[in-house]
Amino acid sequence: MKIVDLSRELYHRTPTYPGHSAIIHGMWKTHEESFTDSGNVHGLASMYFAMPDHGGTHIDAPLHFDKRGQSIDQYPLEKCIVPGICIDLRHIAPRIEITPADLEAAVTKSGHPVPKGGTVLLCTGHHERTFPRKEYATENSGVNVKATEWLAKKGVVHFGIDSMRPGPEGKENLLVHKACFELGITHIESLCNLETLLGAGPFTFIGLPMKWRGGTASPIRAVAVFGM
C-alpha cells in the first residue's frame with residue numbers, strides 16, 4: 001500500500017483565506033516548565049492552536065453554502081473515504097475559468113472515468129507555482145458553474161483543488177459555492193502535491209473532518225491511497 005499526503009503543512013501564521021483569522025500555533029508549556037510544576041517528577045510538553053474552520057487543507061460543509069445545509073459534524077463520513085482520480089489542468093492560465101470541455105478533455109487524457117460516488121482532484125499547479133507567496137490568495141484558476149454541474153452529473157460527492165477557492169476569485173467563485181449546495185455536492189480546498197498523482201491511476205481518497213459542532217468546514221488530513 002502506498003499513501004500520498006495531499007495536505008498543506010500547518011504552522012504559525014500559515015497563509016489563510018483573505019479576511020479570515022490567522023492560524024496561531026505556539027508553546028503552552030515546555031518540558032522544563034511542566035517538570036518543575038510536577039515537583040520534578042516528569043515534564044510533558046504541550047502546545048495550543050487557534051484557526052478558522054476553513055484554514056489549511058479543508059472540506060466545506062453544506063452549511064457554508066446555505067443556512068439550510070448540514071454542519072460539518074453531520075456530514076456523512078462515508079463521503080470522506082471514496083474512490084478518486086486526479087486530472088491535469090496545469091495548462092489553464094491563472095484566473096481563467098475551467099469549463100466542462102476542459103474537464104472532459106482532462107478526464108479522457110487520464111484514461112480513467114470519473115468514479116461515481118467518488119471524487120475528482122483538479123491539479124491546476126497553482127499551489128506548486130505560488131505557495132506561500134501572496135499570489136496564492138488571488139491568482140488561481142477554477143471551475144465555473146457549468147463545470148461544477150458537469151462534475152455533479154458525473155456522480156461525484158465532492159471535488160478537490162490545489163487552491164484556496166474552487167472557482168476564480170470573484171462572482172463566479174460565489175456562484176460555484178451556491179451551485180454546490182443546489183447540486184448536493186461539496187468541495188475540498190487547499191490541497192497540495194497533486195502533481196504526484198498524475199498518471200498514477202485511480203486511488204482511494206481519505207479526508208476525515210474533525211467533529212466541530214455546527215462547523216461550516218473542517219481541516220482534514222487528505223491522502224490518496226494506492227493498493228488499498
# chains A, B, ... in the order shown; residues from 1 in each chain; ligands from 1
$ select_by_dssp --residues "segment 29-206 of chain A" --states "alpha helix (DSSP H)" --output "PyMOL selection string"
chain A and resi 31-37+62-65+100-110+126-130+145-153+171-183
$ write_last_selection --atoms "N, CA and C atoms" --output "tab-separated table (two decimals), in the first residue's frame"
chain	number	residue	atom	x	y	z
A	31	HIS	N	8.76	21.20	28.39
A	31	HIS	CA	9.12	20.07	29.25
A	31	HIS	C	9.67	20.57	30.59
A	32	GLU	N	10.50	21.60	30.51
A	32	GLU	CA	11.14	22.11	31.72
A	32	GLU	C	10.12	22.72	32.68
A	33	GLU	N	9.16	23.48	32.13
A	33	GLU	CA	8.15	24.12	32.97
A	33	GLU	C	7.26	23.08	33.66
A	34	SER	N	6.82	22.08	32.88
A	34	SER	CA	5.93	21.08	33.50
A	34	SER	C	6.70	20.15	34.44
A	35	PHE	N	7.99	19.99	34.20
A	35	PHE	CA	8.82	19.21	35.14
A	35	PHE	C	8.84	19.89	36.51
A	36	THR	N	9.01	21.20	36.48
A	36	THR	CA	9.00	21.96	37.74
A	36	THR	C	7.63	21.91	38.39
A	37	ASP	N	6.57	22.08	37.56
A	37	ASP	CA	5.20	22.06	38.10
A	37	ASP	C	4.84	20.71	38.72
A	62	PRO	N	-21.95	21.66	3.81
A	62	PRO	CA	-23.07	22.31	3.12
A	62	PRO	C	-23.57	23.56	3.84
A	63	LEU	N	-23.40	23.63	5.16
A	63	LEU	CA	-23.79	24.81	5.92
A	63	LEU	C	-23.03	26.05	5.46
A	64	HIS	N	-21.85	25.88	4.94
A	64	HIS	CA	-21.07	27.02	4.42
A	64	HIS	C	-21.78	27.66	3.23
A	65	PHE	N	-22.47	26.85	2.45
A	65	PHE	CA	-23.10	27.33	1.23
A	65	PHE	C	-24.48	27.94	1.48
A	100	PRO	N	-16.57	22.79	-18.71
A	100	PRO	CA	-16.85	21.36	-18.90
A	100	PRO	C	-15.98	20.72	-19.98
A	101	ALA	N	-15.71	21.45	-21.06
A	101	ALA	CA	-14.84	20.91	-22.11
A	101	ALA	C	-13.44	20.64	-21.60
A	102	ASP	N	-12.93	21.52	-20.73
A	102	ASP	CA	-11.61	21.31	-20.13
A	102	ASP	C	-11.60	20.04	-19.27
A	103	LEU	N	-12.65	19.85	-18.50
A	103	LEU	CA	-12.74	18.66	-17.64
A	103	LEU	C	-12.86	17.40	-18.48
A	104	GLU	N	-13.71	17.44	-19.49
A	104	GLU	CA	-13.90	16.28	-20.36
A	104	GLU	C	-12.59	15.86	-21.00
A	105	ALA	N	-11.84	16.83	-21.52
A	105	ALA	CA	-10.57	16.52	-22.17
A	105	ALA	C	-9.56	15.96	-21.19
A	106	ALA	N	-9.52	16.53	-19.98
A	106	ALA	CA	-8.56	16.07	-18.98
A	106	ALA	C	-8.88	14.67	-18.48
A	107	VAL	N	-10.17	14.37	-18.32
A	107	VAL	CA	-10.57	13.03	-17.88
A	107	VAL	C	-10.22	12.02	-18.97
A	108	THR	N	-10.50	12.37	-20.24
A	108	THR	CA	-10.16	11.47	-21.35
A	108	THR	C	-8.66	11.21	-21.39
A	109	LYS	N	-7.88	12.25	-21.21
A	109	LYS	CA	-6.41	12.13	-21.22
A	109	LYS	C	-5.92	11.24	-20.08
A	110	SER	N	-6.61	11.29	-18.94
A	110	SER	CA	-6.19	10.48	-17.78
A	110	SER	C	-6.37	8.99	-18.04
A	126	HIS	N	-1.47	25.34	-9.17
A	126	HIS	CA	-1.46	26.65	-8.51
A	126	HIS	C	-0.63	26.63	-7.22
A	127	HIS	N	-0.81	25.61	-6.38
A	127	HIS	CA	-0.03	25.54	-5.15
A	127	HIS	C	1.46	25.45	-5.45
A	128	GLU	N	1.81	24.59	-6.38
A	128	GLU	CA	3.21	24.40	-6.73
A	128	GLU	C	3.84	25.69	-7.25
A	129	ARG	N	3.07	26.48	-8.01
A	129	ARG	CA	3.60	27.70	-8.63
A	129	ARG	C	3.70	28.87	-7.65
A	130	THR	N	2.78	28.96	-6.70
A	130	THR	CA	2.66	30.22	-5.97
A	130	THR	C	2.83	30.15	-4.46
A	145	VAL	N	-19.58	27.54	-12.99
A	145	VAL	CA	-20.80	26.83	-12.58
A	145	VAL	C	-21.10	25.66	-13.51
A	146	LYS	N	-20.93	25.85	-14.80
A	146	LYS	CA	-21.20	24.77	-15.75
A	146	LYS	C	-20.29	23.58	-15.49
A	147	ALA	N	-19.04	23.83	-15.16
A	147	ALA	CA	-18.11	22.73	-14.85
A	147	ALA	C	-18.50	22.04	-13.56
A	148	THR	N	-18.98	22.81	-12.58
A	148	THR	CA	-19.46	22.23	-11.33
A	148	THR	C	-20.65	21.32	-11.60
A	149	GLU	N	-21.55	21.77	-12.45
A	149	GLU	CA	-22.71	20.95	-12.83
A	149	GLU	C	-22.26	19.69	-13.56
A	150	TRP	N	-21.24	19.80	-14.40
A	150	TRP	CA	-20.71	18.65	-15.13
A	150	TRP	C	-20.20	17.59	-14.16
A	151	LEU	N	-19.46	18.02	-13.15
A	151	LEU	CA	-18.93	17.09	-12.16
A	151	LEU	C	-20.07	16.41	-11.39
A	152	ALA	N	-21.07	17.20	-11.00
A	152	ALA	CA	-22.19	16.63	-10.26
A	152	ALA	C	-22.94	15.60	-11.10
A	153	LYS	N	-23.12	15.88	-12.38
A	153	LYS	CA	-23.82	14.94	-13.26
A	153	LYS	C	-23.05	13.64	-13.44
A	171	LYS	N	-17.12	36.88	-8.50
A	171	LYS	CA	-18.52	36.45	-8.51
A	171	LYS	C	-18.67	34.97	-8.86
A	172	GLU	N	-17.88	34.47	-9.83
A	172	GLU	CA	-18.05	33.08	-10.26
A	172	GLU	C	-17.76	32.11	-9.13
A	173	ASN	N	-16.80	32.45	-8.29
A	173	ASN	CA	-16.49	31.59	-7.15
A	173	ASN	C	-17.68	31.50	-6.19
A	174	LEU	N	-18.36	32.61	-5.96
A	174	LEU	CA	-19.55	32.60	-5.10
A	174	LEU	C	-20.66	31.77	-5.72
A	175	LEU	N	-20.81	31.88	-7.05
A	175	LEU	CA	-21.85	31.11	-7.73
A	175	LEU	C	-21.54	29.61	-7.73
A	176	VAL	N	-20.26	29.25	-7.74
A	176	VAL	CA	-19.87	27.85	-7.65
A	176	VAL	C	-20.26	27.30	-6.27
A	177	HIS	N	-20.04	28.08	-5.22
A	177	HIS	CA	-20.46	27.66	-3.88
A	177	HIS	C	-21.98	27.46	-3.84
A	178	LYS	N	-22.71	28.37	-4.41
A	178	LYS	CA	-24.17	28.27	-4.45
A	178	LYS	C	-24.60	27.02	-5.21
A	179	ALA	N	-23.92	26.78	-6.34
A	179	ALA	CA	-24.25	25.60	-7.16
A	179	ALA	C	-23.97	24.31	-6.41
A	180	CYS	N	-22.89	24.27	-5.64
A	180	CYS	CA	-22.58	23.06	-4.88
A	180	CYS	C	-23.73	22.70	-3.95
A	181	PHE	N	-24.30	23.69	-3.27
A	181	PHE	CA	-25.43	23.40	-2.38
A	181	PHE	C	-26.62	22.88	-3.17
A	182	GLU	N	-26.93	23.54	-4.27
A	182	GLU	CA	-28.09	23.16	-5.07
A	182	GLU	C	-27.93	21.78	-5.70
A	183	LEU	N	-26.68	21.39	-5.98
A	183	LEU	CA	-26.39	20.11	-6.62
A	183	LEU	C	-26.15	18.98	-5.62
$ residues_around --residues "His25 of chain A" --least-positions-apart "2" --cutoff "10 Å" --atoms "only C-alpha atoms" --output "compact mmCIF listing (two decimals) with N, CA, C and O atoms, in the first residue's frame"
# COMPACT_ATOMS: atom_id res chain seq x y z
N LEU A 10 0.60 22.81 8.39
CA LEU A 10 0.09 23.88 9.24
C LEU A 10 1.18 24.35 10.17
O LEU A 10 1.88 23.55 10.78
N TYR A 11 1.33 25.66 10.29
CA TYR A 11 2.33 26.24 11.17
C TYR A 11 1.87 27.65 11.54
O TYR A 11 0.88 28.16 10.99
N HIS A 12 2.54 28.28 12.47
CA HIS A 12 2.16 29.61 12.93
C HIS A 12 2.13 30.60 11.76
O HIS A 12 3.09 30.72 11.02
N ARG A 13 0.99 31.25 11.59
CA ARG A 13 0.78 32.24 10.54
C ARG A 13 0.80 31.63 9.14
O ARG A 13 1.19 32.28 8.16
N THR A 14 0.38 30.37 9.02
CA THR A 14 0.17 29.79 7.69
C THR A 14 -0.75 30.70 6.89
O THR A 14 -1.73 31.21 7.44
N ALA A 22 -6.16 34.54 11.55
CA ALA A 22 -4.87 33.89 11.36
C ALA A 22 -4.84 32.52 12.02
O ALA A 22 -5.62 32.21 12.92
N ILE A 23 -3.93 31.67 11.54
CA ILE A 23 -3.64 30.40 12.19
C ILE A 23 -2.54 30.64 13.22
O ILE A 23 -1.45 31.11 12.88
N MET A 27 3.70 27.43 21.91
CA MET A 27 4.01 26.59 23.06
C MET A 27 3.13 26.97 24.25
O MET A 27 3.03 28.15 24.59
N TRP A 28 2.46 25.98 24.82
CA TRP A 28 1.67 26.21 26.03
C TRP A 28 2.53 25.98 27.27
O TRP A 28 2.55 26.80 28.18
N MET A 47 1.31 22.13 23.36
CA MET A 47 1.17 23.31 22.52
C MET A 47 -0.30 23.64 22.37
O MET A 47 -1.17 22.88 22.81
N TYR A 48 -0.62 24.76 21.76
CA TYR A 48 -2.01 25.16 21.52
C TYR A 48 -2.12 25.71 20.11
O TYR A 48 -1.13 26.10 19.48
N PHE A 49 -3.34 25.72 19.58
CA PHE A 49 -3.57 26.35 18.29
C PHE A 49 -4.95 26.99 18.25
O PHE A 49 -5.86 26.61 18.99
N ALA A 50 -5.09 27.98 17.39
CA ALA A 50 -6.37 28.61 17.09
C ALA A 50 -6.38 28.86 15.59
O ALA A 50 -5.38 29.33 15.03
N MET A 51 -7.50 28.53 14.95
CA MET A 51 -7.56 28.68 13.49
C MET A 51 -9.00 28.71 13.01
O MET A 51 -9.90 28.23 13.70
$ residues_around --residues "segment 225-228 of chain A" --least-positions-apart "3" --cutoff "7 Å" --atoms "only C-alpha atoms" --output "count of residues only"
7
$ residues_around --residues "Leu77 of chain A" --least-positions-apart "6" --cutoff "12 Å" --atoms "only C-alpha atoms" --output "list in words"
Ile59, Ala61, Val157, Ile206, Gly207, Leu208, Pro209, Met210 and Lys211 of chain A
$ write_last_selection --atoms "N, CA, C and O atoms" --output "JSON list (two decimals), in the first residue's frame"
[["chain", "number", "residue", "atom", "x", "y", "z"],
["A", 59, "ILE", "N", -12.38, 20.63, 4.05],
["A", 59, "ILE", "CA", -13.60, 20.31, 3.32],
["A", 59, "ILE", "C", -14.70, 21.26, 3.78],
["A", 59, "ILE", "O", -14.85, 21.52, 4.98],
["A", 61, "ALA", "N", -18.46, 22.29, 4.57],
["A", 61, "ALA", "CA", -19.75, 21.69, 4.92],
["A", 61, "ALA", "C", -20.85, 22.37, 4.11],
["A", 61, "ALA", "O", -20.73, 23.54, 3.75],
["A", 157, "VAL", "N", -19.27, 12.99, -5.21],
["A", 157, "VAL", "CA", -19.79, 13.53, -3.95],
["A", 157, "VAL", "C", -19.09, 14.84, -3.61],
["A", 157, "VAL", "O", -19.63, 15.67, -2.88],
["A", 206, "ILE", "N", -8.96, 9.70, 1.12],
["A", 206, "ILE", "CA", -9.40, 9.77, 2.51],
["A", 206, "ILE", "C", -9.18, 11.19, 3.01],
["A", 206, "ILE", "O", -8.08, 11.73, 2.90],
["A", 207, "GLY", "N", -10.24, 11.78, 3.55],
["A", 207, "GLY", "CA", -10.15, 13.12, 4.12],
["A", 207, "GLY", "C", -11.19, 13.30, 5.20],
["A", 207, "GLY", "O", -12.28, 13.79, 4.95],
["A", 208, "LEU", "N", -10.88, 12.88, 6.41],
["A", 208, "LEU", "CA", -11.84, 12.88, 7.52],
["A", 208, "LEU", "C", -11.81, 14.22, 8.27],
["A", 208, "LEU", "O", -10.75, 14.67, 8.70],
["A", 209, "PRO", "N", -12.99, 14.84, 8.43],
["A", 209, "PRO", "CA", -13.05, 16.12, 9.15],
["A", 209, "PRO", "C", -13.10, 15.92, 10.66],
["A", 209, "PRO", "O", -13.46, 14.85, 11.15],
["A", 210, "MET", "N", -12.74, 16.96, 11.38],
["A", 210, "MET", "CA", -12.95, 16.96, 12.82],
["A", 210, "MET", "C", -14.43, 17.17, 13.12],
["A", 210, "MET", "O", -15.17, 17.68, 12.28],
["A", 211, "LYS", "N", -14.84, 16.78, 14.31],
["A", 211, "LYS", "CA", -16.27, 16.81, 14.66],
["A", 211, "LYS", "C", -16.63, 18.13, 15.36],
["A", 211, "LYS", "O", -17.03, 18.17, 16.51]]
$ closest_atom_pairs --of "segment 19-92 of chain A" --to "segment 115-125 of chain A" --cutoff "9 Å" --atoms "only C-alpha atoms" --output "tab-separated table"
residue	atom	partner	partner_atom	distance
A:Lys79	CA	A:Gly118	CA	7.7
A:Ile81	CA	A:Gly118	CA	8.4
A:Val82	CA	A:Gly118	CA	4.9
A:Pro83	CA	A:Gly118	CA	4.8
A:Gly84	CA	A:Thr119	CA	4.7
A:Ile85	CA	A:Val120	CA	5.2
A:Cys86	CA	A:Leu121	CA	4.6
A:Ile87	CA	A:Leu122	CA	5.5
A:Asp88	CA	A:Cys123	CA	5.2
A:Leu89	CA	A:Thr124	CA	4.7
A:Arg90	CA	A:Thr124	CA	4.3
A:His91	CA	A:Thr124	CA	7.5
A:Ile92	CA	A:Thr124	CA	7.0
$ closest_atom_pairs --of "segment 116-200 of chain A" --to "segment 53-58 of chain A" --cutoff "9 Å" --atoms "only C-alpha atoms" --output "JSON lines"
{"residue": "A:Asp162", "atom": "CA", "partner": "A:Thr57", "partner_atom": "CA", "distance": 8.9}
{"residue": "A:Met164", "atom": "CA", "partner": "A:Thr57", "partner_atom": "CA", "distance": 8.3}
{"residue": "A:His187", "atom": "CA", "partner": "A:His58", "partner_atom": "CA", "distance": 8.7}
{"residue": "A:Ile188", "atom": "CA", "partner": "A:His58", "partner_atom": "CA", "distance": 5.7}
{"residue": "A:Glu189", "atom": "CA", "partner": "A:His58", "partner_atom": "CA", "distance": 5.7}
{"residue": "A:Ser190", "atom": "CA", "partner": "A:Thr57", "partner_atom": "CA", "distance": 4.6}
{"residue": "A:Leu191", "atom": "CA", "partner": "A:Thr57", "partner_atom": "CA", "distance": 5.5}
{"residue": "A:Cys192", "atom": "CA", "partner": "A:Thr57", "partner_atom": "CA", "distance": 8.2}
$ select_by_dssp --residues "segment 9-228 of chain A" --states "strand (DSSP E)" --output "ChimeraX atom specification"
/A:24-29,46-50,58-60,81-88,97-98,119-123,142-143,158-161,186-189,203-206,217-219,223-226
$ closest_residue --among "A:Val41, A:Leu194, A:Ala217, A:Ala137" --to "Asp5 of chain A" --atoms "only C-alpha atoms"
A:Leu194
$ atom_distance --atom1 "atom CA of Arg95 of chain A" --atom2 "atom CA of Ile161 of chain A"
13.8 Å
$ closest_residue --among "A:Lys154, A:Pro219, A:Ser141, A:Pro52" --to "Thr16 of chain A" --atoms "only C-alpha atoms"
A:Pro52
$ closest_residue --among "A:Arg68, A:Arg221, A:His42, A:Arg8" --to "Cys80 of chain A" --atoms "only C-alpha atoms"
A:Arg221
